[in-house]
$ cat start_20.cif   # mmCIF, C-alpha atoms
data_target
#
loop_
_atom_site.label_atom_id
_atom_site.label_comp_id
_atom_site.auth_asym_id
_atom_site.auth_seq_id
_atom_site.Cartn_x
_atom_site.Cartn_y
_atom_site.Cartn_z
CA MET R 1 28.51 146.03 -45.66
CA THR R 2 32.12 147.15 -45.86
CA SER R 3 32.80 149.69 -48.59
CA SER R 4 35.84 149.27 -50.81
CA HIS R 5 37.10 152.63 -49.54
CA THR R 6 36.86 151.52 -45.89
CA LEU R 7 38.68 148.28 -46.58
CA SER R 8 41.39 149.94 -48.69
CA ARG R 9 42.08 152.50 -45.96
CA PHE R 10 42.27 149.75 -43.36
CA LEU R 11 44.65 147.67 -45.45
CA GLU R 12 46.75 150.71 -46.31
CA TYR R 13 47.30 151.42 -42.63
CA SER R 14 48.25 147.77 -42.04
CA GLU R 15 50.77 147.99 -44.85
CA ARG R 16 52.38 151.15 -43.44
CA LEU R 17 52.49 149.64 -39.95
CA THR R 18 54.12 146.54 -41.40
CA ALA R 19 56.68 148.62 -43.30
CA ASN R 20 57.60 150.57 -40.17
CA ALA R 21 57.98 147.37 -38.14
CA GLU R 22 60.05 145.70 -40.85
CA ALA R 23 62.41 148.69 -41.07
CA HIS R 24 62.97 149.13 -37.33
CA PRO R 25 66.16 147.39 -36.18
CA ASP R 26 64.79 146.55 -32.72
CA VAL R 27 61.56 144.95 -33.96
CA VAL R 28 61.62 141.19 -34.38
CA GLY R 29 57.97 140.60 -35.23
CA LEU R 30 54.51 142.04 -35.86
CA VAL R 31 51.36 139.98 -35.23
CA LEU R 32 48.06 141.34 -36.51
CA VAL R 33 45.06 139.99 -34.61
CA GLY R 34 41.29 140.32 -34.81
CA SER R 35 40.04 142.05 -37.96
CA GLY R 36 43.63 142.96 -38.80
CA ALA R 37 44.09 139.27 -39.58
CA ASP R 38 40.53 138.39 -40.61
CA THR R 39 39.95 141.32 -42.97
CA GLY R 40 36.69 139.87 -44.26
CA ARG R 41 34.93 141.42 -41.27
CA VAL R 42 36.44 144.91 -41.54
CA ASP R 43 33.93 147.75 -41.38
CA GLU R 44 34.06 151.46 -40.55
CA TRP R 45 34.30 150.71 -36.82
CA SER R 46 37.15 148.21 -37.02
CA ASP R 47 40.25 149.13 -35.08
CA HIS R 48 43.74 147.78 -35.51
CA ASP R 49 44.72 145.13 -32.97
CA PHE R 50 48.28 143.85 -32.94
CA PHE R 51 51.29 142.68 -30.97
CA LEU R 52 54.69 144.21 -31.57
CA ILE R 53 57.56 141.97 -30.53
CA VAL R 54 60.88 143.69 -29.94
CA LYS R 55 64.37 142.87 -28.77
CA ASP R 56 64.59 142.05 -25.07
CA GLY R 57 64.92 145.11 -22.90
CA THR R 58 63.50 147.58 -25.45
CA ALA R 59 59.72 147.14 -25.09
CA GLU R 60 59.14 149.97 -22.64
CA SER R 61 60.80 152.48 -24.94
CA PHE R 62 58.30 151.49 -27.68
CA ARG R 63 55.41 152.02 -25.27
CA GLN R 64 56.66 155.44 -24.25
CA ASP R 65 57.80 156.73 -27.66
CA LEU R 66 55.21 156.05 -30.37
CA SER R 67 57.22 157.52 -33.23
CA TRP R 68 57.33 154.03 -34.79
CA LEU R 69 53.60 154.24 -35.53
CA PRO R 70 52.37 155.57 -38.88
CA ASP R 71 51.17 159.19 -38.55
CA ALA R 72 52.44 159.33 -34.98
CA GLY R 73 52.03 163.11 -34.96
CA ASP R 74 48.26 162.69 -35.32
CA VAL R 75 47.87 160.65 -32.11
CA VAL R 76 45.62 162.56 -29.68
CA ILE R 77 44.78 159.91 -27.05
CA ARG R 78 47.17 157.22 -25.77
CA PRO R 79 46.24 155.70 -22.39
CA ARG R 80 48.32 152.91 -20.95
CA GLU R 81 45.83 150.09 -20.41
CA THR R 82 48.03 147.29 -19.05
CA ASP R 83 51.67 146.68 -18.31
CA HIS R 84 52.16 145.77 -21.95
CA GLY R 85 49.31 147.43 -23.79
CA LEU R 86 47.97 150.77 -24.93
CA LYS R 87 44.91 152.14 -26.63
CA VAL R 88 45.68 154.85 -29.18
CA VAL R 89 43.26 157.21 -30.91
CA TYR R 90 44.15 159.31 -33.95
CA ARG R 91 42.74 162.72 -34.80
CA ASP R 92 40.34 161.10 -37.29
CA GLY R 93 39.04 158.69 -34.64
CA HIS R 94 40.95 155.63 -35.84
CA VAL R 95 41.65 153.35 -32.87
CA LEU R 96 44.57 151.04 -32.16
CA GLU R 97 44.71 148.41 -29.44
CA PHE R 98 48.12 146.85 -29.11
CA ALA R 99 50.65 145.30 -26.79
CA VAL R 100 54.42 145.53 -27.01
CA PHE R 101 56.30 142.47 -25.82
CA ASP R 102 59.96 141.85 -25.28
CA ASP R 103 60.88 138.80 -27.33
CA ARG R 104 60.96 136.61 -24.22
CA GLU R 105 57.42 137.73 -23.26
CA LEU R 106 55.47 136.70 -26.38
CA GLU R 107 54.19 133.50 -24.75
CA MET R 108 52.17 135.65 -22.33
CA ALA R 109 49.74 136.42 -25.16
CA SER R 110 46.56 134.65 -26.26
CA VAL R 111 45.49 134.52 -29.91
CA ASN R 112 42.77 133.17 -32.14
CA TYR R 113 42.62 135.10 -35.45
CA TRP R 114 46.14 136.19 -36.42
CA ALA R 115 48.61 136.96 -39.18
CA VAL R 116 52.35 137.57 -38.99
CA PRO R 117 53.43 140.10 -41.64
CA VAL R 118 56.83 140.66 -39.97
CA ASP R 119 58.88 137.73 -38.72
CA LYS R 120 62.61 138.22 -38.30
CA THR R 121 63.13 135.18 -36.07
CA ASN R 122 60.64 132.36 -35.39
CA ILE R 123 57.54 134.41 -34.49
CA THR R 124 55.13 132.54 -36.78
CA ALA R 125 55.92 129.16 -35.26
CA ARG R 126 55.56 130.55 -31.76
CA VAL R 127 52.21 132.16 -32.53
CA GLU R 128 50.97 128.88 -34.03
CA ALA R 129 51.86 127.21 -30.73
CA LEU R 130 50.07 129.98 -28.82
CA GLU R 131 46.90 129.48 -30.85
CA LYS R 132 46.87 125.77 -30.05
CA LYS R 133 46.97 126.41 -26.33
CA THR R 134 44.65 129.43 -26.39
CA VAL R 135 41.20 128.47 -25.22
CA GLY R 136 38.39 130.50 -23.81
CA GLY R 137 37.00 129.63 -20.45
CA LYS R 138 35.81 126.04 -20.76
CA PHE R 139 32.06 125.74 -20.24
CA GLU R 140 31.46 123.79 -17.05
CA GLU R 141 27.70 123.54 -16.78
CA GLU R 142 27.25 122.85 -13.06
CA LYS R 143 29.74 125.53 -12.04
CA GLU R 144 28.30 128.11 -14.45
CA TRP R 145 24.73 127.40 -13.34
CA GLU R 146 25.47 127.71 -9.65
CA LEU R 147 27.54 130.87 -10.10
CA PHE R 148 24.73 132.34 -12.19
CA LEU R 149 22.21 131.70 -9.40
CA ALA R 150 24.54 133.09 -6.75
CA HIS R 151 25.11 136.25 -8.80
CA ILE R 152 21.33 136.74 -9.01
CA LEU R 153 20.93 136.66 -5.24
CA ILE R 154 23.90 138.95 -4.62
CA ALA R 155 23.00 141.45 -7.33
CA VAL R 156 19.30 141.70 -6.53
CA GLY R 157 20.08 141.98 -2.83
CA ARG R 158 22.38 144.91 -3.54
CA ALA R 159 19.76 146.54 -5.75
CA ARG R 160 17.15 146.24 -3.02
CA ARG R 161 19.44 147.94 -0.52
CA GLY R 162 19.94 150.78 -2.99
CA GLU R 163 23.26 149.81 -4.60
CA VAL R 164 21.81 149.85 -8.08
CA LEU R 165 24.98 150.66 -10.02
CA ILE R 166 27.03 147.72 -8.78
CA ALA R 167 23.99 145.47 -9.03
CA GLY R 168 23.60 146.54 -12.65
CA GLN R 169 27.25 145.76 -13.31
CA ALA R 170 26.77 142.20 -12.06
CA ILE R 171 23.54 141.64 -13.96
CA ARG R 172 24.71 143.09 -17.27
CA SER R 173 28.22 141.65 -17.18
CA TYR R 174 28.90 138.72 -14.86
CA MET R 175 25.45 137.19 -15.13
CA MET R 176 25.12 137.79 -18.86
CA ARG R 177 28.43 136.02 -19.44
CA HIS R 178 26.89 132.89 -17.90
CA VAL R 179 23.71 133.36 -19.96
CA LEU R 180 25.75 133.48 -23.15
CA GLY R 181 27.61 130.36 -22.08
CA PHE R 182 24.31 128.50 -21.91
CA VAL R 183 23.21 129.93 -25.27
CA ARG R 184 26.39 128.65 -26.92
CA ASP R 185 26.14 125.31 -25.12
CA ARG R 186 22.46 124.67 -25.85
CA LEU R 187 21.87 126.22 -29.27
CA THR R 188 23.31 125.81 -32.76
CA PRO R 189 24.48 129.02 -34.43
CA VAL R 190 23.02 130.19 -37.72
CA ALA R 191 24.35 128.11 -40.60
CA GLY R 192 27.53 129.56 -42.02
CA THR R 193 28.51 131.40 -38.82
CA GLU R 194 30.03 128.48 -36.94
CA GLY R 195 33.57 129.59 -37.63
CA ILE R 196 33.28 133.19 -36.46
CA GLU R 197 32.96 132.55 -32.73
CA ASP R 198 35.52 134.38 -30.60
CA ASN R 199 36.71 131.79 -28.10
CA LEU R 200 38.20 134.54 -25.94
CA ASP R 201 35.01 136.55 -25.47
CA ARG R 202 31.48 135.12 -25.32
CA PHE R 203 29.93 138.53 -25.98
CA ARG R 204 31.46 138.91 -29.46
CA ARG R 205 29.34 138.25 -32.56
CA VAL R 206 26.34 136.87 -30.67
CA GLU R 207 23.98 138.84 -32.91
CA LYS R 208 25.41 137.21 -36.04
CA GLN R 209 25.40 133.66 -34.69
CA TYR R 210 22.18 133.81 -32.66
CA PRO R 211 20.18 136.77 -34.03
CA ALA R 212 16.84 136.01 -32.35
CA GLU R 213 18.39 135.31 -28.96
CA GLY R 214 20.71 138.30 -29.30
CA ALA R 215 17.75 140.62 -29.89
CA ARG R 216 15.86 139.18 -26.94
CA LEU R 217 18.86 139.47 -24.63
CA ASP R 218 19.45 143.05 -25.72
CA HIS R 219 15.87 143.81 -24.66
CA ILE R 220 16.40 142.04 -21.34
CA LEU R 221 19.50 144.14 -20.66
CA GLN R 222 17.45 147.32 -21.06
CA LEU R 223 15.08 146.35 -18.24
CA PRO R 224 15.41 147.71 -14.70
CA VAL R 225 17.96 145.79 -12.65
CA GLU R 226 15.72 143.31 -10.83
CA ASP R 227 13.44 142.79 -13.80
CA SER R 228 16.50 142.05 -15.93
CA ALA R 229 17.81 139.49 -13.44
CA ARG R 230 14.45 137.73 -13.32
CA ALA R 231 14.14 137.75 -17.11
CA GLN R 232 17.63 136.30 -17.48
CA LEU R 233 16.72 133.41 -15.18
CA ASP R 234 13.54 132.74 -17.15
CA PHE R 235 15.46 132.93 -20.41
CA VAL R 236 18.12 130.44 -19.36
CA LEU R 237 15.58 127.98 -17.96
CA GLY R 238 13.68 128.29 -21.23
CA LEU R 239 16.69 126.89 -23.07
CA GLY R 240 15.91 123.55 -21.44
CA GLY R 241 18.13 120.63 -20.56
CA PHE R 242 18.28 121.24 -16.80
CA SER R 243 18.16 118.49 -14.21
CA ASP R 244 15.65 118.23 -11.38
CA LYS R 245 18.39 119.32 -9.00
CA GLN R 246 19.10 122.42 -11.05
CA GLU R 247 15.40 123.26 -11.31
CA ALA R 248 15.13 122.94 -7.52
CA GLN R 249 18.11 125.24 -7.06
CA ALA R 250 16.38 127.85 -9.21
CA GLU R 251 13.30 127.59 -7.00
CA VAL R 252 15.44 128.34 -3.94
CA VAL R 253 16.49 131.60 -5.57
CA ARG R 254 12.94 132.43 -6.62
CA ALA R 255 11.67 131.78 -3.10
CA ARG R 256 14.34 133.92 -1.45
CA LEU R 257 13.51 136.84 -3.75
CA GLY R 258 9.75 136.39 -3.63
CA TRP R 259 9.51 135.56 -7.32
CA LEU R 260 7.28 132.51 -6.90
#
$ encode --input "start_20.cif" --output "structure tokens"
Amino acid sequence: MTSSHTLSRFLEYSERLTANAEAHPDVVGLVLVGSGADTGRVDEWSDHDFFLIVKDGTAESFRQDLSWLPDAGDVVIRPRETDHGLKVVYRDGHVLEFAVFDDRELEMASVNYWAVPVDKTNITARVEALEKKTVGGKFEEEKEWELFLAHILIAVGRARRGEVLIAGQAIRSYMMRHVLGFVRDRLTPVAGTEGIEDNLDRFRRVEKQYPAEGARLDHILQLPVEDSARAQLDFVLGLGGFSDKQEAQAEVVRARLGWL
């Protein structure tokens, strides 16, 4: 549960960030995203996610010189993550994840949960339009199923030749993404959690929406690489709803790997 102290500190930082953005002559907008917008889920591990929109031609200067941030002198880590974005860590461990866009670049972003505390032009309307066109990867059952099976063969083959690290990456990331797609397609989330799904990331909030399945999948991820791959296949098939063709495709994979 979020303490009142944790929430007040989080909100106080948002307020100071907003004040700095409002006062800066080259800033045209500030968009808080994630828990910055949906503060009901703030806890001690929540970071601040946001977009800063600035006058065209000035964005790079904001990425290089962070003096516009509250407590900029306490920043101890500041890697450039993308062309537009940085991760920032303060001395107390507080984390920021943000992107700085020139005004003309805002439409490059994707948003779901958002709030616009600073809007000096028409940022709010533009973000509303962005939300309407922002969708996660559409679940295409046949494609997801066949990619899932192909990943199993590739990953287990690599593990058997001794490339365990890259095999583990595939099994715990690429394959699990497909598994979670089937969970969300086949199962109904716990009542009251329907609205918290992150349509940009299938891995987010699984434990809240599907607690039993989340616990089981966490256990599966802890297994050795090949055991994990086999358990994932069994898990997905156990969700039901597969055609005879799909069942036969699974048997091809089992036969190739000697899992019959």
$ resolve_selection --input "start_20.cif" --expression "the PyMOL selection byres ((chain R and resi 153-163) around 9)" --output "PyMOL selection string"
chain R and resi 149-152+164-171+225-226+229+253+256-257
$ closest_residue --input "start_20.cif" --among "R:Glu213, R:Asp83, R:Glu247, R:Asp198" --to "Phe235 (chain R)" --atoms "only C-alpha atoms"
R:Glu213
$ residues_around --input "start_20.cif" --residues "Asp38 (chain R)" --least-positions-apart "4" --cutoff "8 Å" --atoms "all atoms listed in the file" --output "number ranges by chain"
R: 33-34, 42, 113-114
$ residues_around --input "start_20.cif" --residues "region 217-220 of chain R" --least-positions-apart "4" --cutoff "10 Å" --atoms "all atoms listed in the file" --output "NGL selection string"
:R and (172 or 176 or 179-180 or 206-207 or 211-213 or 224-225 or 227-232 or 235)
$ residues_around --input "start_20.cif" --residues "Glu107 (chain R)" --least-positions-apart "6" --cutoff "12 Å" --atoms "only C-alpha atoms" --output "MDAnalysis selection string"
chainID R and resid 51 53 101 123 125:134
$ atom_distance --input "start_20.cif" --atom1 "CA of Phe139 (chain R)" --atom2 "CA of Arg184 (chain R)"
9.2 Å
$ resolve_selection --input "start_20.cif" --expression "the PyMOL selection byres ((chain R and resi 55-68) around 10)" --output "ChimeraX atom specification"
/R:17,20-21,23-29,52-54,69-73,75,78,80,83-86,88,98-105
$ resolve_selection --input "start_20.cif" --expression "the PyMOL selection byres ((chain R and resi 43) around 12)" --output "JSON list (two decimals) with C-alpha atoms, in the coordinates of the input"
[["chain", "number", "residue", "atom", "x", "y", "z"],
["R", 1, "MET", "CA", 28.51, 146.03, -45.66],
["R", 2, "THR", "CA", 32.12, 147.15, -45.86],
["R", 3, "SER", "CA", 32.80, 149.69, -48.59],
["R", 4, "SER", "CA", 35.84, 149.27, -50.81],
["R", 5, "HIS", "CA", 37.10, 152.63, -49.54],
["R", 6, "THR", "CA", 36.86, 151.52, -45.89],
["R", 7, "LEU", "CA", 38.68, 148.28, -46.58],
["R", 8, "SER", "CA", 41.39, 149.94, -48.69],
["R", 9, "ARG", "CA", 42.08, 152.50, -45.96],
["R", 10, "PHE", "CA", 42.27, 149.75, -43.36],
["R", 11, "LEU", "CA", 44.65, 147.67, -45.45],
["R", 35, "SER", "CA", 40.04, 142.05, -37.96],
["R", 36, "GLY", "CA", 43.63, 142.96, -38.80],
["R", 38, "ASP", "CA", 40.53, 138.39, -40.61],
["R", 39, "THR", "CA", 39.95, 141.32, -42.97],
["R", 40, "GLY", "CA", 36.69, 139.87, -44.26],
["R", 41, "ARG", "CA", 34.93, 141.42, -41.27],
["R", 42, "VAL", "CA", 36.44, 144.91, -41.54],
["R", 44, "GLU", "CA", 34.06, 151.46, -40.55],
["R", 45, "TRP", "CA", 34.30, 150.71, -36.82],
["R", 46, "SER", "CA", 37.15, 148.21, -37.02],
["R", 47, "ASP", "CA", 40.25, 149.13, -35.08],
["R", 48, "HIS", "CA", 43.74, 147.78, -35.51],
["R", 94, "HIS", "CA", 40.95, 155.63, -35.84]]
$ atom_distance --input "start_20.cif" --atom1 "CA of Pro79 (chain R)" --atom2 "CA of Glu197 (chain R)"
28.6 Å
$ atom_distance --input "start_20.cif" --atom1 "CA of Gly192 (chain R)" --atom2 "CA of Val31 (chain R)"
26.9 Å
$ closest_residue --input "start_20.cif" --among "R:Val118, R:Ala215, R:Ala109, R:Val89" --to "Glu15 (chain R)" --atoms "all atoms listed in the file"
R:Val118
$ residues_around --input "start_20.cif" --residues "His178 (chain R)" --least-positions-apart "2" --cutoff "8 Å" --atoms "all atoms listed in the file" --output "list in words"
Glu144, Trp145, Phe148, Tyr174, Met175, Met176, Leu180, Gly181 and Phe182 of chain R
$ closest_residue --input "start_20.cif" --among "R:Glu140, R:Leu30, R:Leu233, R:Ala37" --to "Asn122 (chain R)" --atoms "all atoms listed in the file"
R:Leu30
$ closest_residue --input "start_20.cif" --among "R:Val76, R:Arg177, R:Asp119, R:Gly240" --to "Asp201 (chain R)" --atoms "all atoms listed in the file"
R:Arg177
$ axis_aligned_box --input "start_20.cif" --around "region 44-48 of chain R" --padding-each-side "3 Å" --output "JSON"
{"center_x": 38.9, "center_y": 149.6, "center_z": -37.8, "size_x": 15.7, "size_y": 9.7, "size_z": 11.5}
